[in-house]
Structure formats: C-alpha cells, structure tokens
>>> print(open('work-v8.pdb').read())   # PDB, C-alpha atoms
ATOM      1  CA  PRO A 115     -44.642-109.622 118.264
ATOM      2  CA  MET A 116     -46.383-112.863 119.152
ATOM      3  CA  SER A 117     -49.350-113.959 117.079
ATOM      4  CA  GLY A 118     -51.303-117.192 117.508
ATOM      5  CA  ARG A 119     -52.816-116.859 114.048
ATOM      6  CA  LYS A 120     -49.393-116.557 112.437
ATOM      7  CA  GLY A 121     -47.841-119.263 114.571
ATOM      8  CA  ILE A 122     -45.388-116.860 116.196
ATOM      9  CA  THR A 123     -45.163-117.969 119.808
ATOM     10  CA  LEU A 124     -42.826-118.128 122.795
ATOM     11  CA  SER A 125     -42.728-120.638 125.628
ATOM     12  CA  ILE A 126     -43.904-119.405 129.023
ATOM     13  CA  ASP A 127     -40.447-120.122 130.444
ATOM     14  CA  GLU A 128     -38.863-117.773 127.912
ATOM     15  CA  VAL A 129     -41.383-115.051 128.705
ATOM     16  CA  VAL A 130     -40.863-115.374 132.478
ATOM     17  CA  VAL A 131     -37.073-115.217 132.149
ATOM     18  CA  GLU A 132     -37.344-112.110 129.981
ATOM     19  CA  ALA A 133     -39.842-110.518 132.375
ATOM     20  CA  ILE A 134     -37.525-111.004 135.345
ATOM     21  CA  ARG A 135     -34.531-109.704 133.392
ATOM     22  CA  ARG A 136     -36.392-106.554 132.401
ATOM     23  CA  ALA A 137     -37.859-106.116 135.884
ATOM     24  CA  ARG A 138     -34.401-106.290 137.427
ATOM     25  CA  ALA A 139     -33.244-103.451 135.179
ATOM     26  CA  VAL A 140     -36.266-101.336 136.162
ATOM     27  CA  VAL A 141     -35.780-101.934 139.893
ATOM     28  CA  GLU A 142     -32.011-101.368 139.766
ATOM     29  CA  GLU A 143     -32.530 -98.043 138.008
ATOM     30  CA  LYS A 144     -35.052 -96.925 140.640
ATOM     31  CA  ASN A 145     -33.240 -98.313 143.690
ATOM     32  CA  PRO A 146     -29.539 -99.062 143.075
ATOM     33  CA  GLY A 147     -28.001-101.435 145.595
ATOM     34  CA  LEU A 148     -31.335-102.794 146.814
ATOM     35  CA  GLU A 149     -30.834-105.887 148.969
ATOM     36  CA  GLY A 150     -32.636-108.994 147.763
ATOM     37  CA  ILE A 151     -32.776-107.656 144.206
ATOM     38  CA  ASP A 152     -33.253-111.137 142.719
ATOM     39  CA  GLU A 153     -36.333-111.810 144.842
ATOM     40  CA  VAL A 154     -37.796-108.393 144.102
ATOM     41  CA  ALA A 155     -37.113-108.722 140.369
ATOM     42  CA  GLY A 156     -38.876-112.091 140.363
ATOM     43  CA  ALA A 157     -41.906-110.666 142.167
ATOM     44  CA  VAL A 158     -42.078-107.647 139.863
ATOM     45  CA  GLY A 159     -41.473-109.543 136.636
ATOM     46  CA  VAL A 160     -43.894-112.395 137.242
ATOM     47  CA  GLY A 161     -46.398-110.009 138.795
ATOM     48  CA  ALA A 162     -46.278-107.813 135.715
ATOM     49  CA  LEU A 163     -47.161-110.771 133.510
ATOM     50  CA  ARG A 164     -50.045-111.958 135.675
ATOM     51  CA  PHE A 165     -51.474-108.474 136.086
ATOM     52  CA  ALA A 166     -51.268-107.754 132.364
ATOM     53  CA  MET A 167     -53.267-110.903 131.646
ATOM     54  CA  LEU A 168     -55.920-110.173 134.276
ATOM     55  CA  LYS A 169     -56.495-106.446 133.947
ATOM     56  CA  SER A 170     -58.527-106.783 130.733
ATOM     57  CA  GLU A 171     -61.971-108.290 130.370
ATOM     58  CA  ALA A 172     -61.827-111.927 129.273
ATOM     59  CA  LYS A 173     -63.627-111.156 126.004
ATOM     60  CA  LYS A 174     -61.091-108.529 124.956
ATOM     61  CA  VAL A 175     -57.904-109.086 122.971
ATOM     62  CA  ILE A 176     -54.797-108.628 125.120
ATOM     63  CA  ASP A 177     -52.306-106.131 123.703
ATOM     64  CA  PHE A 178     -49.170-106.932 125.700
ATOM     65  CA  ARG A 179     -46.239-104.524 125.633
ATOM     66  CA  TRP A 180     -43.188-104.837 127.856
ATOM     67  CA  GLU A 181     -42.853-101.105 128.398
ATOM     68  CA  GLN A 182     -46.421-100.825 129.638
ATOM     69  CA  ALA A 183     -46.424-104.032 131.702
ATOM     70  CA  LEU A 184     -43.289-102.999 133.619
ATOM     71  CA  SER A 185     -43.994 -99.287 133.916
ATOM     72  CA  LEU A 186     -43.811 -97.661 137.333
ATOM     73  CA  GLN A 187     -46.043 -94.864 136.090
ATOM     74  CA  GLY A 188     -49.399 -96.603 135.858
ATOM     75  CA  ASP A 189     -51.682 -99.332 134.462
ATOM     76  CA  SER A 190     -49.345-102.094 135.620
ATOM     77  CA  ALA A 191     -48.502-104.360 138.544
ATOM     78  CA  PRO A 192     -45.198-102.535 139.249
ATOM     79  CA  TYR A 193     -47.148 -99.282 139.605
ATOM     80  CA  VAL A 194     -49.321-100.878 142.305
ATOM     81  CA  GLN A 195     -46.361-102.691 143.881
ATOM     82  CA  TYR A 196     -44.375 -99.461 144.082
ATOM     83  CA  ALA A 197     -47.314 -97.703 145.758
ATOM     84  CA  HIS A 198     -47.347-100.523 148.328
ATOM     85  CA  ALA A 199     -43.583-100.195 148.855
ATOM     86  CA  ARG A 200     -43.991 -96.460 149.458
ATOM     87  CA  ALA A 201     -46.511 -97.128 152.223
ATOM     88  CA  CYS A 202     -44.153 -99.703 153.747
ATOM     89  CA  SER A 203     -41.330 -97.161 153.676
ATOM     90  CA  ILE A 204     -43.345 -94.667 155.735
ATOM     91  CA  LEU A 205     -44.228 -97.331 158.289
ATOM     92  CA  ARG A 206     -40.574 -98.416 158.557
ATOM     93  CA  ALA A 207     -39.553 -94.808 159.134
ATOM     94  CA  ALA A 208     -42.223 -94.491 161.820
ATOM     95  CA  ALA A 209     -40.964 -97.621 163.573
ATOM     96  CA  ALA A 210     -37.382 -96.335 163.395
ATOM     97  CA  ALA A 211     -38.565 -93.119 165.056
ATOM     98  CA  GLY A 212     -40.137 -95.108 167.865
ATOM     99  CA  LEU A 213     -43.700 -94.566 166.670
ATOM    100  CA  THR A 214     -46.219 -97.397 166.692
ATOM    101  CA  LEU A 215     -49.655 -97.693 165.181
ATOM    102  CA  GLY A 216     -51.207 -98.123 168.603
ATOM    103  CA  ASP A 217     -54.977 -98.105 168.726
ATOM    104  CA  ALA A 218     -57.588 -95.813 167.271
ATOM    105  CA  GLU A 219     -58.071 -94.014 170.600
ATOM    106  CA  THR A 220     -54.781 -92.126 170.149
ATOM    107  CA  ALA A 221     -55.684 -91.006 166.628
ATOM    108  CA  ASP A 222     -57.529 -87.792 165.878
ATOM    109  CA  PHE A 223     -59.606 -88.743 162.845
ATOM    110  CA  GLY A 224     -61.537 -85.505 163.265
ATOM    111  CA  ALA A 225     -58.448 -83.675 162.020
ATOM    112  CA  PHE A 226     -58.728 -85.343 158.629
ATOM    113  CA  GLY A 227     -59.250 -83.051 155.668
ATOM    114  CA  ARG A 228     -60.676 -83.692 152.224
ATOM    115  CA  LEU A 229     -57.507 -85.472 151.061
ATOM    116  CA  GLU A 230     -57.642 -88.061 153.838
ATOM    117  CA  VAL A 231     -61.393 -88.481 153.405
ATOM    118  CA  ARG A 232     -60.984 -89.048 149.672
ATOM    119  CA  LEU A 233     -58.362 -91.736 150.304
ATOM    120  CA  ALA A 234     -60.532 -93.363 152.982
ATOM    121  CA  GLN A 235     -63.438 -93.450 150.544
ATOM    122  CA  ALA A 236     -61.257 -95.247 148.008
ATOM    123  CA  LEU A 237     -60.363 -97.813 150.682
ATOM    124  CA  ALA A 238     -64.021 -98.275 151.609
ATOM    125  CA  ARG A 239     -64.832 -99.483 148.076
ATOM    126  CA  TYR A 240     -62.648-102.579 148.440
ATOM    127  CA  PRO A 241     -65.152-105.107 149.916
ATOM    128  CA  ARG A 242     -67.807-104.273 147.333
ATOM    129  CA  VAL A 243     -65.352-104.501 144.455
ATOM    130  CA  VAL A 244     -64.213-107.952 145.575
ATOM    131  CA  GLN A 245     -67.790-109.153 146.030
ATOM    132  CA  THR A 246     -68.864-107.937 142.588
ATOM    133  CA  ALA A 247     -65.762-109.358 140.907
ATOM    134  CA  ALA A 248     -66.427-112.755 142.507
ATOM    135  CA  GLU A 249     -70.100-112.746 141.535
ATOM    136  CA  GLU A 250     -69.324-111.783 137.941
ATOM    137  CA  LEU A 251     -66.140-113.875 137.643
ATOM    138  CA  ALA A 252     -64.369-110.690 136.609
ATOM    139  CA  PRO A 253     -60.838-110.398 138.064
ATOM    140  CA  HIS A 254     -60.194-107.359 135.883
ATOM    141  CA  GLN A 255     -62.383-105.375 138.289
ATOM    142  CA  VAL A 256     -59.979-106.175 141.122
ATOM    143  CA  ALA A 257     -57.025-105.165 138.951
ATOM    144  CA  GLN A 258     -58.692-101.879 138.053
ATOM    145  CA  TYR A 259     -59.434-101.204 141.717
ATOM    146  CA  ALA A 260     -55.772-101.829 142.561
ATOM    147  CA  LEU A 261     -54.791 -99.224 139.972
ATOM    148  CA  ASP A 262     -57.397 -96.760 141.253
ATOM    149  CA  LEU A 263     -56.274 -97.148 144.860
ATOM    150  CA  ALA A 264     -52.602 -96.828 143.922
ATOM    151  CA  THR A 265     -53.427 -93.636 142.019
ATOM    152  CA  ALA A 266     -55.391 -92.239 144.973
ATOM    153  CA  TRP A 267     -52.528 -93.074 147.341
ATOM    154  CA  ASN A 268     -49.854 -91.617 145.066
ATOM    155  CA  GLY A 269     -51.914 -88.451 144.666
ATOM    156  CA  TYR A 270     -52.124 -88.136 148.442
ATOM    157  CA  TYR A 271     -48.434 -88.948 148.939
ATOM    158  CA  ASN A 272     -47.304 -86.354 146.380
ATOM    159  CA  HIS A 273     -49.803 -83.617 147.215
ATOM    160  CA  LYS A 274     -48.396 -80.150 147.767
ATOM    161  CA  GLY A 275     -49.971 -77.131 149.401
ATOM    162  CA  PRO A 276     -50.278 -73.596 147.959
ATOM    163  CA  ASP A 277     -46.677 -72.891 148.979
ATOM    164  CA  GLY A 278     -45.421 -75.818 146.895
ATOM    165  CA  ARG A 279     -44.413 -77.887 149.924
ATOM    166  CA  PRO A 280     -45.716 -81.379 150.743
ATOM    167  CA  ASP A 281     -48.709 -81.036 153.057
ATOM    168  CA  THR A 282     -49.575 -84.685 153.700
ATOM    169  CA  GLN A 283     -46.374 -85.722 155.449
ATOM    170  CA  VAL A 284     -47.154 -88.321 158.074
ATOM    171  CA  LEU A 285     -44.262 -88.304 160.538
ATOM    172  CA  ARG A 286     -44.123 -84.504 160.807
ATOM    173  CA  SER A 287     -47.843 -84.174 161.481
ATOM    174  CA  PRO A 288     -49.067 -82.944 164.877
ATOM    175  CA  ALA A 289     -49.809 -85.571 167.528
ATOM    176  CA  GLY A 290     -53.197 -87.112 166.937
ATOM    177  CA  MET A 291     -53.175 -86.350 163.230
ATOM    178  CA  ARG A 292     -49.887 -88.256 162.953
ATOM    179  CA  GLU A 293     -51.369 -91.393 164.513
ATOM    180  CA  ALA A 294     -54.494 -91.117 162.366
ATOM    181  CA  ARG A 295     -52.416 -90.771 159.216
ATOM    182  CA  LEU A 296     -50.248 -93.729 160.231
ATOM    183  CA  LEU A 297     -53.343 -95.893 160.567
ATOM    184  CA  LEU A 298     -54.546 -94.672 157.175
ATOM    185  CA  VAL A 299     -51.193 -95.516 155.580
ATOM    186  CA  ASP A 300     -51.250 -98.968 157.155
ATOM    187  CA  ARG A 301     -54.720 -99.598 155.782
ATOM    188  CA  VAL A 302     -53.523 -98.533 152.327
ATOM    189  CA  ARG A 303     -50.591-100.927 152.651
ATOM    190  CA  ARG A 304     -52.759-103.853 153.706
ATOM    191  CA  THR A 305     -55.433-103.213 151.089
ATOM    192  CA  LEU A 306     -52.915-102.944 148.250
ATOM    193  CA  ALA A 307     -51.229-106.156 149.414
ATOM    194  CA  ASP A 308     -54.558-107.977 149.735
ATOM    195  CA  THR A 309     -55.715-106.790 146.314
ATOM    196  CA  LEU A 310     -52.502-107.946 144.666
ATOM    197  CA  ALA A 311     -52.699-111.282 146.508
ATOM    198  CA  LEU A 312     -56.168-111.903 145.055
ATOM    199  CA  LEU A 313     -54.575-111.598 141.620
ATOM    200  CA  GLY A 314     -51.677-113.879 142.525
ATOM    201  CA  VAL A 315     -49.183-111.001 142.552
ATOM    202  CA  SER A 316     -46.581-110.453 145.283
ATOM    203  CA  ALA A 317     -46.252-107.142 147.126
ATOM    204  CA  PRO A 318     -42.559-106.398 147.854
ATOM    205  CA  GLU A 319     -41.909-104.106 150.807
ATOM    206  CA  GLU A 320     -39.034-102.423 148.971
ATOM    207  CA  MET A 321     -38.528-101.625 145.295
TER     208      MET A 321
END
>>> encode(input="work-v8.pdb", output="structure tokens")
Amino acid sequence: PMSGRKGITLSIDEVVVEAIRRARAVVEEKNPGLEGIDEVAGAVGVGALRFAMLKSEAKKVIDFRWEQALSLQGDSAPYVQYAHARACSILRAAAAAGLTLGDAETADFGAFGRLEVRLAQALARYPRVVQTAAEELAPHQVAQYALDLATAWNGYYNHKGPDGRPDTQVLRSPAGMREARLLLVDRVRRTLADTLALLGVSAPEEM
C-alpha cells in the first residue's frame, strides 16, 4: 500500500497504466468482444481514479482500494458508468425498433406508477445538488448523487413484479406508457452523463 508518511509512493503514470489494465479486465469479463475496448478501458480506468479521489470529503483520509474503485456493484465510477451504458442500450434498442423519443405529447405520464415517480424524484434533485456542491466547494456531493441516481435507476431496471417477471420493461410497455418511459430513460442517461462530466469522468455508451 502507498503511504506518504512512510515514503512509499507511485508515480501517477504508473497508477494510470495499472488502472487501465485492471479496467480492461473488468470490461472484458462483463462484455467479451466489445468494440473499442481500449477506449472504454481508458475511460473506466481513469474515471475510477478520479471518482475515488472526489467521492470523499476533502478533510477525510482517502482509503483507495482497486477492487472497490473498479467495482461494477457500487460506490465507484464504473458502477455509475455501467448504469449509464444500460440506459444507452435501451435507447439503442428503441431506435433499432423504429421508436423515437418524439415529444411529450405522445407520452402518457399519467400512467406512471410509484416506481417511475420515485425515479423522477431522484432526477429532480440534480439541480439543487449541483448548486449546493458549487456553493460549498464540495464535489463529493455530486459524486454521491451520481451513486444515488445510479442505484435508483438500477433498482427500477431490475424490478420484478409479484410473479417474478420484470415489470418495468420499456419497449414492451403499452403505447403512451412506452413513450413516457423512453423519455424517462433518456433523462436518466443525460443526467448520469452530465453528473459524471462535472467530475471529469467519461460516460461510455457501452461497457
């Protein structure tokens, strides 16, 4: 482990190279044969480093661990990036099926249930979080919001009904609800990308 007090250090170049190497292994395991793997590994590896440095309050000691920084399961940039990639995947599938986002007039937002409302409420927090973080010079608040939104989105994406089947599928939804859910997914995608951008982290469309 690195320790400034003990004089055990690594150059930033060494750390970046190692981050990208480890990120490539993570991405390849999740998505074998992914095109543009080098670019994605760079975005994930460097993003993991930046996010790990920014997610803690400035006054706190940073406890950096590779396994945590590159985890797709939470509390990391890859977790947020993967949530963004999931939203992009749904929108690509919609485009391939000939569906477009269109305008809000074709969407039946009145069909939304508690799950959609809960996700929309998480999205609505974004402007206030950014404003407060800027006023307090506290980027960790933006990082925490990114994690919270990714968790809310993943919970929605993976939700299952009483029969054990997914009940928040977008493309198989009835007309009206489908368009409303597509707009919601697009807002999730854009908000996750914007939040990561504020932290200097890329948002790959595939992982």
>>> axis_aligned_box(input="work-v8.pdb", around="stretch 142-153 of chain A", padding_each_side="8 Å", output="JSON")
{"center_x": -32.2, "center_y": -104.4, "center_z": 143.5, "size_x": 24.3, "size_y": 30.9, "size_z": 27.0}
>>> closest_residue(input="work-v8.pdb", among="A:Val244, A:Ala317, A:Ile151, A:Ile204", to="A:Tyr271", atoms="all atoms listed in the file")
A:Ile204
>>> atom_distance(input="work-v8.pdb", atom1="atom CA of A:Leu306", atom2="atom CA of A:Ala155")
18.6 Å
>>> atom_distance(input="work-v8.pdb", atom1="atom CA of A:Val154", atom2="atom CA of A:Lys169")
21.4 Å
>>> closest_residue(input="work-v8.pdb", among="A:Asp127, A:Glu142, A:Glu181, A:Asp189", to="A:His254", atoms="all atoms listed in the file")
A:Asp189
>>> atom_distance(input="work-v8.pdb", atom1="atom CA of A:Asp277", atom2="atom CA of A:Val194")
28.9 Å
>>> closest_residue(input="work-v8.pdb", among="A:Phe178, A:Tyr193, A:Phe165, A:Phe226", to="A:Gly290", atoms="only C-alpha atoms")
A:Phe226
>>> residues_around(input="work-v8.pdb", residues="A:Gln235", least_positions_apart="5", cutoff="10 Å", atoms="all atoms listed in the file", output="number ranges by chain")
A: 229-230, 240, 263, 266
>>> closest_residue(input="work-v8.pdb", among="A:Leu213, A:Val131, A:Glu293, A:Pro276", to="A:Asp152", atoms="only C-alpha atoms")
A:Val131
>>> residues_near_point(input="work-v8.pdb", point="(-40.8, -107.8, 132.6)", cutoff="7 Å", atoms="all atoms listed in the file", output="MDAnalysis selection string")
chainID A and resid 132:137 159 162 180 183:184
>>> closest_residue(input="work-v8.pdb", among="A:Tyr196, A:Ala166, A:Asn145, A:Pro253", to="A:Pro318", atoms="all atoms listed in the file")
A:Tyr196
>>> closest_residue(input="work-v8.pdb", among="A:Ala157, A:Ala199, A:Val231, A:Leu215", to="A:Met321", atoms="all atoms listed in the file")
A:Ala199
>>> residues_around(input="work-v8.pdb", residues="A:Val302", least_positions_apart="2", cutoff="8 Å", atoms="all atoms listed in the file", output="list of chain:residue names")
A:His198, A:Ala201, A:Leu237, A:Trp267, A:Leu298, A:Val299, A:Asp300, A:Arg304, A:Thr305, A:Leu306
>>> residues_around(input="work-v8.pdb", residues="A:Thr309", least_positions_apart="5", cutoff="8 Å", atoms="all atoms listed in the file", output="list in words")
Val256, Ala257 and Ala260 of chain A
>>> residues_around(input="work-v8.pdb", residues="A:Asn268", least_positions_apart="5", cutoff="9 Å", atoms="all atoms listed in the file", output="PyMOL selection string")
chain A and resi 197+200+263+273
>>> decode(input="work-v8.pdb", residues="stretch 296-321 of chain A", atoms="N, CA, C and O atoms", output="compact mmCIF listing (two decimals), in the first residue's frame")
# COMPACT_ATOMS: atom_id res chain seq x y z
N LEU A 296 -39.58 5.89 -22.23
CA LEU A 296 -38.41 6.21 -23.05
C LEU A 296 -37.86 7.59 -22.70
O LEU A 296 -36.64 7.78 -22.61
N LEU A 297 -38.74 8.54 -22.50
CA LEU A 297 -38.30 9.88 -22.12
C LEU A 297 -37.64 9.86 -20.74
O LEU A 297 -36.65 10.57 -20.50
N LEU A 298 -38.18 9.05 -19.84
CA LEU A 298 -37.60 8.93 -18.51
C LEU A 298 -36.20 8.32 -18.59
O LEU A 298 -35.26 8.79 -17.94
N VAL A 299 -36.05 7.28 -19.40
CA VAL A 299 -34.75 6.64 -19.57
C VAL A 299 -33.74 7.62 -20.17
O VAL A 299 -32.59 7.67 -19.77
N ASP A 300 -34.19 8.40 -21.14
CA ASP A 300 -33.29 9.37 -21.76
C ASP A 300 -32.86 10.43 -20.76
O ASP A 300 -31.70 10.87 -20.77
N ARG A 301 -33.76 10.84 -19.88
CA ARG A 301 -33.38 11.81 -18.87
C ARG A 301 -32.37 11.21 -17.88
O ARG A 301 -31.44 11.89 -17.45
N VAL A 302 -32.57 9.94 -17.54
CA VAL A 302 -31.59 9.25 -16.69
C VAL A 302 -30.23 9.24 -17.37
O VAL A 302 -29.19 9.56 -16.76
N ARG A 303 -30.22 8.88 -18.65
CA ARG A 303 -28.97 8.83 -19.40
C ARG A 303 -28.27 10.18 -19.39
O ARG A 303 -27.07 10.28 -19.09
N ARG A 304 -29.00 11.23 -19.70
CA ARG A 304 -28.39 12.56 -19.79
C ARG A 304 -27.92 13.05 -18.42
O ARG A 304 -26.85 13.66 -18.30
N THR A 305 -28.69 12.78 -17.39
CA THR A 305 -28.31 13.25 -16.06
C THR A 305 -27.09 12.51 -15.54
O THR A 305 -26.19 13.12 -14.93
N LEU A 306 -27.02 11.21 -15.76
CA LEU A 306 -25.83 10.46 -15.36
C LEU A 306 -24.60 10.96 -16.11
O LEU A 306 -23.53 11.15 -15.52
N ALA A 307 -24.74 11.19 -17.40
CA ALA A 307 -23.62 11.69 -18.21
C ALA A 307 -23.18 13.07 -17.74
O ALA A 307 -21.98 13.35 -17.61
N ASP A 308 -24.15 13.94 -17.47
CA ASP A 308 -23.83 15.30 -17.02
C ASP A 308 -23.15 15.28 -15.66
O ASP A 308 -22.19 16.03 -15.40
N THR A 309 -23.64 14.42 -14.76
CA THR A 309 -23.06 14.33 -13.43
C THR A 309 -21.62 13.84 -13.49
O THR A 309 -20.73 14.39 -12.83
N LEU A 310 -21.38 12.82 -14.30
CA LEU A 310 -20.02 12.32 -14.46
C LEU A 310 -19.12 13.39 -15.08
O LEU A 310 -17.97 13.56 -14.68
N ALA A 311 -19.65 14.13 -16.06
CA ALA A 311 -18.86 15.16 -16.73
C ALA A 311 -18.41 16.23 -15.74
O ALA A 311 -17.29 16.76 -15.84
N LEU A 312 -19.27 16.57 -14.78
CA LEU A 312 -18.90 17.57 -13.78
C LEU A 312 -17.70 17.10 -12.95
O LEU A 312 -16.94 17.93 -12.43
N LEU A 313 -17.55 15.79 -12.84
CA LEU A 313 -16.44 15.23 -12.08
C LEU A 313 -15.23 14.90 -12.96
O LEU A 313 -14.24 14.38 -12.48
N GLY A 314 -15.35 15.22 -14.25
CA GLY A 314 -14.26 14.93 -15.17
C GLY A 314 -14.16 13.48 -15.56
O GLY A 314 -13.09 12.99 -15.92
N VAL A 315 -15.29 12.76 -15.49
CA VAL A 315 -15.32 11.33 -15.79
C VAL A 315 -16.15 11.09 -17.06
O VAL A 315 -17.23 11.66 -17.22
N SER A 316 -15.63 10.26 -17.97
CA SER A 316 -16.33 9.95 -19.20
C SER A 316 -17.48 9.00 -18.95
O SER A 316 -17.50 8.25 -17.97
N ALA A 317 -18.45 9.01 -19.88
CA ALA A 317 -19.62 8.14 -19.76
C ALA A 317 -19.72 7.29 -21.02
O ALA A 317 -20.41 7.67 -21.98
N PRO A 318 -19.06 6.14 -21.08
CA PRO A 318 -19.14 5.28 -22.27
C PRO A 318 -20.57 4.83 -22.54
O PRO A 318 -21.34 4.61 -21.60
N GLU A 319 -20.92 4.68 -23.81
CA GLU A 319 -22.26 4.22 -24.16
C GLU A 319 -22.38 2.71 -24.12
O GLU A 319 -23.49 2.18 -24.10
N GLU A 320 -21.24 2.03 -24.12
CA GLU A 320 -21.22 0.57 -23.99
C GLU A 320 -20.12 0.17 -23.02
O GLU A 320 -19.07 0.77 -22.98
N MET A 321 -20.39 -0.87 -22.24
CA MET A 321 -19.39 -1.40 -21.31
C MET A 321 -19.53 -2.92 -21.22
O MET A 321 -20.60 -3.45 -21.46
